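First up is the structure itself, then whatever we jot down about it.
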Amino acid sequence: MRFITFKFKNQTFWGVQEEDGVYYSDKLVNIFPTLFSVIENYGGINFFQEINQYVPLHEVEIVAPFRPNKNIMCIGKNYREHALEMTGNDESQVPTAPVIFTKSPSAIIGPNAMIDAHEMDTSQLDYEGELAVVIGKPGKNISREDALDYVFGYTILNDITARDLQKKHQQFFRGKSLDTFAPFGPAVVTQDRVGNVQNLDIKTYVNDELRQHSNTSQMIFSVGELIETLSDGMTLQAGDVIATGTPSGVGKGFDPPKFLKPDDRIRIEIEDVGVLENIVG
């Protein structure tokens, strides 16, 4: 199923997108008001019986699927070519263990929402198209073989980054967590609608120029390995989000760099998952 959150007649609902429409239920929204609460209780809801109201997709405004309770867990340099473009082709900087940082959920915005350029804070605004994993049930010390059993679904996250702030503060959090720096969505797609998660085409366009093009098969650490590492000694909760890293082709990787500027339009496409598009304001 493709779960979305949307606004309709001045109210916010979650529902299941099918082709050009969305199915939802007033009754279920009263019990489970957010998609986050649905994820926490998934398996205990009879969706097919209760979701019986329909509205055409063109009549709704799709917003971010949900806001996680904890920080968004992010993986740095998880594609070899990206690790090299960020380190001057230094092979010694290709990670041998996942590089982990967090991003504030307060930075989340939905599809078509405007990314604040924060021109008073940064002159090196960058994009990173990423597959994001949504955890579906609590788990600790999860093996990579069992990891996908803990996944609710997949979505897209644009890990917007202020490269100069990243360098200034010598860590990732502030440069990646300014308001609007986490475009997210548009749908959370359950595993039955996604093929092999380690063989999905991923592309990022800026103003229709293809900047990033890779495949999740090129991840250094697979989704299963990431869940194994992150759950080692730490309980993952339903609704936790893992951004799995970005391929090469970020703005900083060009010579000269191609940083974002106001009115730039970023479109991320991930096979079987969807399209996330935003404009810099």
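Letters for chains follow the order of the structure tokens (A, B, ...), residue numbers begin at 1 for each chain, and ligand numbers begin at 1 in the order shown.
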Exercise. Where in segment 162-208 of chain A does DSSP assign alpha helix (DSSP H), given as a ChimeraX atom specification?
Worked result: /A:163-169,173-177
For the selection just defined, write its residues with N, CA and C atoms to a file, as an mmCIF file, in the first residue's frame.
```
data_model
loop_
_atom_site.group_PDB
_atom_site.id
_atom_site.type_symbol
_atom_site.label_atom_id
_atom_site.label_comp_id
_atom_site.auth_asym_id
_atom_site.auth_seq_id
_atom_site.Cartn_x
_atom_site.Cartn_y
_atom_site.Cartn_z
ATOM 1 N N ARG A 163 26.739 23.110 3.570
ATOM 2 C CA ARG A 163 28.096 22.567 3.641
ATOM 3 C C ARG A 163 29.027 23.441 4.471
ATOM 4 N N ASP A 164 28.844 24.753 4.389
ATOM 5 C CA ASP A 164 29.728 25.629 5.156
ATOM 6 C C ASP A 164 29.472 25.509 6.659
ATOM 7 N N LEU A 165 28.213 25.342 7.063
ATOM 8 C CA LEU A 165 27.924 25.121 8.484
ATOM 9 C C LEU A 165 28.464 23.776 8.937
ATOM 10 N N GLN A 166 28.375 22.795 8.065
ATOM 11 C CA GLN A 166 28.906 21.469 8.371
ATOM 12 C C GLN A 166 30.403 21.561 8.669
ATOM 13 N N LYS A 167 31.112 22.317 7.856
ATOM 14 C CA LYS A 167 32.554 22.478 8.059
ATOM 15 C C LYS A 167 32.853 23.334 9.286
ATOM 16 N N LYS A 168 32.111 24.417 9.452
ATOM 17 C CA LYS A 168 32.352 25.338 10.568
ATOM 18 C C LYS A 168 32.224 24.661 11.917
ATOM 19 N N HIS A 169 31.174 23.848 12.069
ATOM 20 C CA HIS A 169 30.897 23.243 13.374
ATOM 21 C C HIS A 169 31.528 21.868 13.539
ATOM 22 N N PHE A 173 25.030 17.818 12.495
ATOM 23 C CA PHE A 173 23.658 18.068 12.947
ATOM 24 C C PHE A 173 23.130 19.446 12.554
ATOM 25 N N ARG A 174 23.829 20.514 12.900
ATOM 26 C CA ARG A 174 23.310 21.855 12.621
ATOM 27 C C ARG A 174 23.196 22.115 11.120
ATOM 28 N N GLY A 175 24.208 21.749 10.365
ATOM 29 C CA GLY A 175 24.193 22.005 8.927
ATOM 30 C C GLY A 175 23.141 21.216 8.171
ATOM 31 N N LYS A 176 22.546 20.223 8.824
ATOM 32 C CA LYS A 176 21.538 19.399 8.188
ATOM 33 C C LYS A 176 20.157 19.521 8.844
ATOM 34 N N SER A 177 20.016 20.393 9.837
ATOM 35 C CA SER A 177 18.772 20.422 10.608
ATOM 36 C C SER A 177 18.087 21.779 10.659
#
```
Exercise. Excluding same-chain residues fewer than 6 positions from Glu91 of chain A, what lies within 9 Å of it counting only C-alpha atoms, as a list in words?
Worked result: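 Skipping anything fewer than 6 positions along the chain leaves Arg80, Ala83 and Leu84 of chain A.
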Output the selection as a short mmCIF file (atom, residue, chain, number, x, y, z; two decimals), in the first residue's frame - N, CA, C and O atoms for each residue.
```cif
data_model
loop_
_atom_site.label_atom_id
_atom_site.label_comp_id
_atom_site.auth_asym_id
_atom_site.auth_seq_id
_atom_site.Cartn_x
_atom_site.Cartn_y
_atom_site.Cartn_z
N ARG A 80 30.10 4.43 -2.54
CA ARG A 80 31.54 4.62 -2.67
C ARG A 80 31.89 5.87 -3.47
O ARG A 80 32.77 6.65 -3.07
N ALA A 83 31.48 8.93 -1.42
CA ALA A 83 32.56 9.06 -0.44
C ALA A 83 33.81 9.64 -1.10
O ALA A 83 34.49 10.49 -0.53
N LEU A 84 34.08 9.21 -2.32
CA LEU A 84 35.27 9.70 -3.01
C LEU A 84 35.12 11.15 -3.45
O LEU A 84 36.06 11.94 -3.35
#
```
Exercise. Can you tell me, as an MDAnalysis selection string, what residues are no more than 12 Å from Val250 of chain A when counting only C-alpha atoms, ignoring any on the same chain fewer than 4 positions away?
Worked result: chainID A and resid 77 79 81:86 124:130 158:161 163 203:206 210:213 245:246 254:260 266
Exercise. Can you list, as a ChimeraX atom specification, every protein, DNA or RNA residue that comes within 9 Å of Gly274 of chain A when you count only C-alpha atoms, leaving out same-chain residues fewer than 4 positions away?
Worked result: /A:155-156,185-187,189,268-270
For this session: Please provide as a PyMOL selection string all residues within 12 Å of Thr12 of chain A, with the sequence filter that same-chain residues fewer than 5 positions apart are discarded (counting only C-alpha atoms).
Result: chain A and resi 4-7+24-26+29-30+32-35+60-66
The selected residues should be written to file as a short mmCIF file (atom, residue, chain, number, x, y, z; two decimals), in the first residue's frame (atoms: all heavy atoms).
```cif
data_model
loop_
_atom_site.label_atom_id
_atom_site.label_comp_id
_atom_site.auth_asym_id
_atom_site.auth_seq_id
_atom_site.Cartn_x
_atom_site.Cartn_y
_atom_site.Cartn_z
N ILE A 4 -0.37 7.90 2.38
CA ILE A 4 -0.07 9.33 2.31
C ILE A 4 -0.83 10.06 3.41
O ILE A 4 -1.81 9.55 3.96
CB ILE A 4 -0.43 9.94 0.94
CG1 ILE A 4 -1.95 9.85 0.67
CG2 ILE A 4 0.36 9.29 -0.18
CD1 ILE A 4 -2.40 10.63 -0.56
N THR A 5 -0.36 11.25 3.72
CA THR A 5 -1.08 12.18 4.58
C THR A 5 -1.47 13.37 3.71
O THR A 5 -0.66 13.85 2.91
CB THR A 5 -0.21 12.63 5.76
OG1 THR A 5 0.11 11.47 6.55
CG2 THR A 5 -0.93 13.64 6.64
N PHE A 6 -2.72 13.82 3.86
CA PHE A 6 -3.20 14.86 2.96
C PHE A 6 -4.19 15.78 3.66
O PHE A 6 -4.79 15.43 4.68
CB PHE A 6 -3.87 14.22 1.73
CG PHE A 6 -5.09 13.38 2.04
CD1 PHE A 6 -6.37 13.92 1.95
CD2 PHE A 6 -4.95 12.06 2.41
CE1 PHE A 6 -7.49 13.15 2.23
CE2 PHE A 6 -6.07 11.27 2.70
CZ PHE A 6 -7.34 11.83 2.60
N LYS A 7 -4.32 16.96 3.09
CA LYS A 7 -5.30 17.93 3.57
C LYS A 7 -6.48 17.97 2.60
O LYS A 7 -6.29 17.99 1.38
CB LYS A 7 -4.68 19.32 3.69
CG LYS A 7 -3.65 19.42 4.80
CD LYS A 7 -3.09 20.84 4.94
CE LYS A 7 -2.10 20.92 6.08
NZ LYS A 7 -1.55 22.31 6.22
N TYR A 24 -9.74 6.67 2.33
CA TYR A 24 -9.51 7.01 3.72
C TYR A 24 -10.75 6.68 4.54
O TYR A 24 -11.77 6.22 4.00
CB TYR A 24 -9.14 8.48 3.86
CG TYR A 24 -10.27 9.45 3.55
CD1 TYR A 24 -10.92 10.12 4.58
CD2 TYR A 24 -10.67 9.71 2.24
CE1 TYR A 24 -11.96 11.01 4.31
CE2 TYR A 24 -11.70 10.60 1.96
CZ TYR A 24 -12.34 11.23 2.99
OH TYR A 24 -13.37 12.10 2.73
N SER A 25 -10.68 6.93 5.84
CA SER A 25 -11.79 6.62 6.74
C SER A 25 -11.86 7.64 7.85
O SER A 25 -10.91 7.77 8.63
CB SER A 25 -11.62 5.22 7.33
OG SER A 25 -12.48 5.02 8.43
N ASP A 26 -12.96 8.37 7.93
CA ASP A 26 -13.17 9.29 9.05
C ASP A 26 -13.09 8.54 10.38
O ASP A 26 -12.53 9.03 11.36
CB ASP A 26 -14.55 9.96 8.93
CG ASP A 26 -14.55 11.10 7.93
OD1 ASP A 26 -13.49 11.73 7.76
OD2 ASP A 26 -15.60 11.35 7.33
N VAL A 29 -9.47 7.69 11.28
CA VAL A 29 -8.70 8.90 11.60
C VAL A 29 -9.04 9.40 13.01
O VAL A 29 -8.19 9.94 13.71
CB VAL A 29 -8.94 10.00 10.54
CG1 VAL A 29 -8.39 11.34 11.00
CG2 VAL A 29 -8.26 9.60 9.22
N ASN A 30 -10.27 9.19 13.43
CA ASN A 30 -10.64 9.57 14.80
C ASN A 30 -9.94 8.69 15.83
O ASN A 30 -9.66 9.13 16.95
CB ASN A 30 -12.16 9.47 14.98
CG ASN A 30 -12.90 10.59 14.29
OD1 ASN A 30 -12.35 11.68 14.12
ND2 ASN A 30 -14.13 10.34 13.87
N PHE A 32 -6.98 6.73 15.07
CA PHE A 32 -5.54 6.86 14.79
C PHE A 32 -5.35 8.14 13.97
O PHE A 32 -5.43 8.11 12.73
CB PHE A 32 -5.03 5.65 14.02
CG PHE A 32 -5.29 4.34 14.70
CD1 PHE A 32 -6.31 3.50 14.25
CD2 PHE A 32 -4.54 3.95 15.80
CE1 PHE A 32 -6.55 2.30 14.87
CE2 PHE A 32 -4.78 2.74 16.43
CZ PHE A 32 -5.80 1.91 15.98
N PRO A 33 -5.12 9.27 14.64
CA PRO A 33 -5.18 10.57 13.94
C PRO A 33 -4.04 10.85 12.98
O PRO A 33 -4.17 11.72 12.12
CB PRO A 33 -5.18 11.58 15.09
CG PRO A 33 -4.56 10.86 16.23
CD PRO A 33 -4.94 9.42 16.08
N THR A 34 -2.92 10.15 13.11
CA THR A 34 -1.76 10.41 12.25
C THR A 34 -1.25 9.10 11.65
O THR A 34 -1.49 8.01 12.17
CB THR A 34 -0.61 11.06 13.04
OG1 THR A 34 -0.14 10.11 14.02
CG2 THR A 34 -1.07 12.33 13.73
N LEU A 35 -0.52 9.23 10.56
CA LEU A 35 0.10 8.05 9.97
C LEU A 35 1.11 7.44 10.92
O LEU A 35 1.30 6.21 10.95
CB LEU A 35 0.75 8.40 8.63
CG LEU A 35 1.34 7.25 7.82
CD1 LEU A 35 0.32 6.13 7.62
CD2 LEU A 35 1.87 7.75 6.49
N VAL A 60 -6.88 17.04 -3.27
CA VAL A 60 -6.22 17.05 -1.97
C VAL A 60 -4.83 17.67 -2.09
O VAL A 60 -4.26 17.77 -3.18
CB VAL A 60 -6.10 15.62 -1.39
CG1 VAL A 60 -7.46 14.92 -1.40
CG2 VAL A 60 -5.06 14.79 -2.12
N GLU A 61 -4.29 18.07 -0.97
CA GLU A 61 -2.90 18.55 -0.88
C GLU A 61 -2.11 17.53 -0.08
O GLU A 61 -2.36 17.32 1.11
CB GLU A 61 -2.83 19.90 -0.18
CG GLU A 61 -1.42 20.41 0.02
CD GLU A 61 -1.33 21.62 0.95
OE1 GLU A 61 -2.39 22.14 1.37
OE2 GLU A 61 -0.19 22.02 1.27
N ILE A 62 -1.16 16.88 -0.73
CA ILE A 62 -0.34 15.89 -0.04
C ILE A 62 0.72 16.62 0.79
O ILE A 62 1.40 17.52 0.30
CB ILE A 62 0.32 14.93 -1.04
CG1 ILE A 62 -0.75 14.18 -1.85
CG2 ILE A 62 1.22 13.93 -0.30
CD1 ILE A 62 -0.18 13.26 -2.91
N VAL A 63 0.86 16.21 2.05
CA VAL A 63 1.85 16.81 2.95
C VAL A 63 2.82 15.72 3.39
O VAL A 63 2.74 14.57 2.94
CB VAL A 63 1.16 17.48 4.16
CG1 VAL A 63 0.27 18.64 3.69
CG2 VAL A 63 0.33 16.48 4.96
N ALA A 64 3.77 16.06 4.25
CA ALA A 64 4.72 15.06 4.74
C ALA A 64 3.98 13.91 5.40
O ALA A 64 2.99 14.14 6.11
CB ALA A 64 5.69 15.70 5.72
N PRO A 65 4.42 12.67 5.20
CA PRO A 65 3.68 11.53 5.75
C PRO A 65 3.49 11.59 7.26
O PRO A 65 2.40 11.35 7.77
CB PRO A 65 4.55 10.33 5.36
CG PRO A 65 5.35 10.78 4.19
CD PRO A 65 5.58 12.25 4.40
N PHE A 66 4.55 11.92 7.99
CA PHE A 66 4.47 12.02 9.45
C PHE A 66 5.76 12.65 9.96
O PHE A 66 6.70 12.88 9.19
CB PHE A 66 4.26 10.64 10.10
CG PHE A 66 5.42 9.69 9.91
CD1 PHE A 66 6.41 9.58 10.87
CD2 PHE A 66 5.51 8.88 8.79
CE1 PHE A 66 7.48 8.72 10.72
CE2 PHE A 66 6.58 8.00 8.61
CZ PHE A 66 7.56 7.93 9.58
#
```
List as JSON lines every residue of segment 121-226 of chain A that is in contact with segment 69-73 of chain A, defined as an atom at most 10 Å from one of its atoms (using only C-alpha atoms), together with the nearest atom pair and the distance in Å rounded to one decimal, sorted by chain and then rising number.
```
{"residue": "A:Ala132", "atom": "CA", "partner": "A:Met73", "partner_atom": "CA", "distance": 9.5}
{"residue": "A:Val133", "atom": "CA", "partner": "A:Met73", "partner_atom": "CA", "distance": 9.7}
{"residue": "A:Ser177", "atom": "CA", "partner": "A:Ile72", "partner_atom": "CA", "distance": 10.0}
{"residue": "A:Ala182", "atom": "CA", "partner": "A:Ile72", "partner_atom": "CA", "distance": 9.4}
```
Save out the residues we just selected, all heavy atoms, as an mmCIF file, in the first residue's frame.
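Just written: out_15.cif:
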```cif
data_model
loop_
_atom_site.group_PDB
_atom_site.id
_atom_site.type_symbol
_atom_site.label_atom_id
_atom_site.label_comp_id
_atom_site.auth_asym_id
_atom_site.auth_seq_id
_atom_site.Cartn_x
_atom_site.Cartn_y
_atom_site.Cartn_z
ATOM 1 N N ALA A 132 14.660 6.336 2.169
ATOM 2 C CA ALA A 132 14.467 6.326 3.621
ATOM 3 C C ALA A 132 13.652 5.101 4.017
ATOM 4 O O ALA A 132 12.682 4.728 3.346
ATOM 5 C CB ALA A 132 13.781 7.600 4.086
ATOM 6 N N VAL A 133 14.055 4.483 5.111
ATOM 7 C CA VAL A 133 13.406 3.290 5.655
ATOM 8 C C VAL A 133 12.572 3.696 6.864
ATOM 9 O O VAL A 133 13.044 4.448 7.726
ATOM 10 C CB VAL A 133 14.458 2.245 6.074
ATOM 11 C CG1 VAL A 133 13.799 1.013 6.677
ATOM 12 C CG2 VAL A 133 15.344 1.868 4.900
ATOM 13 N N SER A 177 20.016 20.393 9.837
ATOM 14 C CA SER A 177 18.772 20.422 10.608
ATOM 15 C C SER A 177 18.087 21.779 10.659
ATOM 16 O O SER A 177 17.150 21.966 11.443
ATOM 17 C CB SER A 177 19.042 19.939 12.045
ATOM 18 O OG SER A 177 19.408 18.587 12.059
ATOM 19 N N ALA A 182 14.552 18.953 5.536
ATOM 20 C CA ALA A 182 14.253 17.518 5.392
ATOM 21 C C ALA A 182 12.976 17.309 4.587
ATOM 22 O O ALA A 182 11.978 16.802 5.110
ATOM 23 C CB ALA A 182 14.153 16.852 6.752
#
```
Exercise. Could you pull out all residues of segment 32-279 of chain A with a DSSP call of strand (DSSP E) and give them as JSON, numbers by chain?
Worked result: {"A": [53, 54, 55, 56, 61, 62, 63, 72, 73, 74, 75, 76, 99, 100, 101, 102, 103, 108, 109, 114, 115, 125, 126, 129, 130, 131, 132, 133, 134, 135, 151, 152, 153, 154, 155, 156, 157, 158, 161, 162, 182, 183, 184, 185, 186, 187, 188, 189, 190, 201, 202, 203, 204, 205, 206, 209, 210, 211, 212, 213, 214, 215, 241, 242, 243, 265, 266, 267, 268, 269, 270, 274, 275, 276, 277, 278, 279]}
For this session: Could you please determine the separation between atom CA of Ala238 of chain A and atom CA of Tyr154 of chain A in Å, to one decimal place?
Result: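 Interatomic distance here is 13.1 Å.
Of the listed residues (A:Ile100, A:Asn112, A:Asn278, A:Asn141), A:Ile100 comes nearest to Thr244 of chain A; the distances count only C-alpha atoms.
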For this session: Go through A:Met219, A:Ala117, A:Ala162, A:Val22 one by one, measure the shortest atom-to-atom distance of each to Ile279 of chain A using only C-alpha atoms, and give the residue with the smallest value.
Result: A:Ala117
Using only C-alpha atoms, tabulate the residues of segment 90-114 of chain A lying at most 12 Å from any atom of segment 222-234 of chain A, each with its closest atom pair and that distance in Å to one decimal, by chain and increasing residue number, as CSV.
```
residue,atom,partner,partner_atom,distance
A:Ala97,CA,A:Thr229,CA,9.0
A:Pro98,CA,A:Leu226,CA,7.3
A:Val99,CA,A:Leu226,CA,10.0
A:Ile100,CA,A:Leu230,CA,8.7
A:Phe101,CA,A:Leu230,CA,10.9
A:Thr102,CA,A:Leu230,CA,11.8
```
Exercise. Using only C-alpha atoms, which of the listed residues (A:Glu209, A:Leu276, A:Phe152, A:Gln237) sits closest to Gly251 of chain A?
Worked result: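 Between A:Glu209, A:Leu276, A:Phe152, A:Gln237, the residue approaching Gly251 of chain A most closely is A:Glu209.
The list of residues with at least one atom within 8 Å of Val194 of chain A, based on only C-alpha atoms and without residues fewer than 3 positions apart in the same chain, reads Val189, Thr190, Gln191, Val197, Asp272 and Val273 of chain A.
When only C-alpha atoms are used to compute distances to Ile202 of chain A, the closest of the residues A:Met120, A:Val241, A:Val275, A:Ile142 turns out to be A:Val275.
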Exercise. Between atom CA of Gln218 of chain A and atom CA of Pro247 of chain A, what is the distance, to one decimal in Å?
Worked result: 8.3 Å
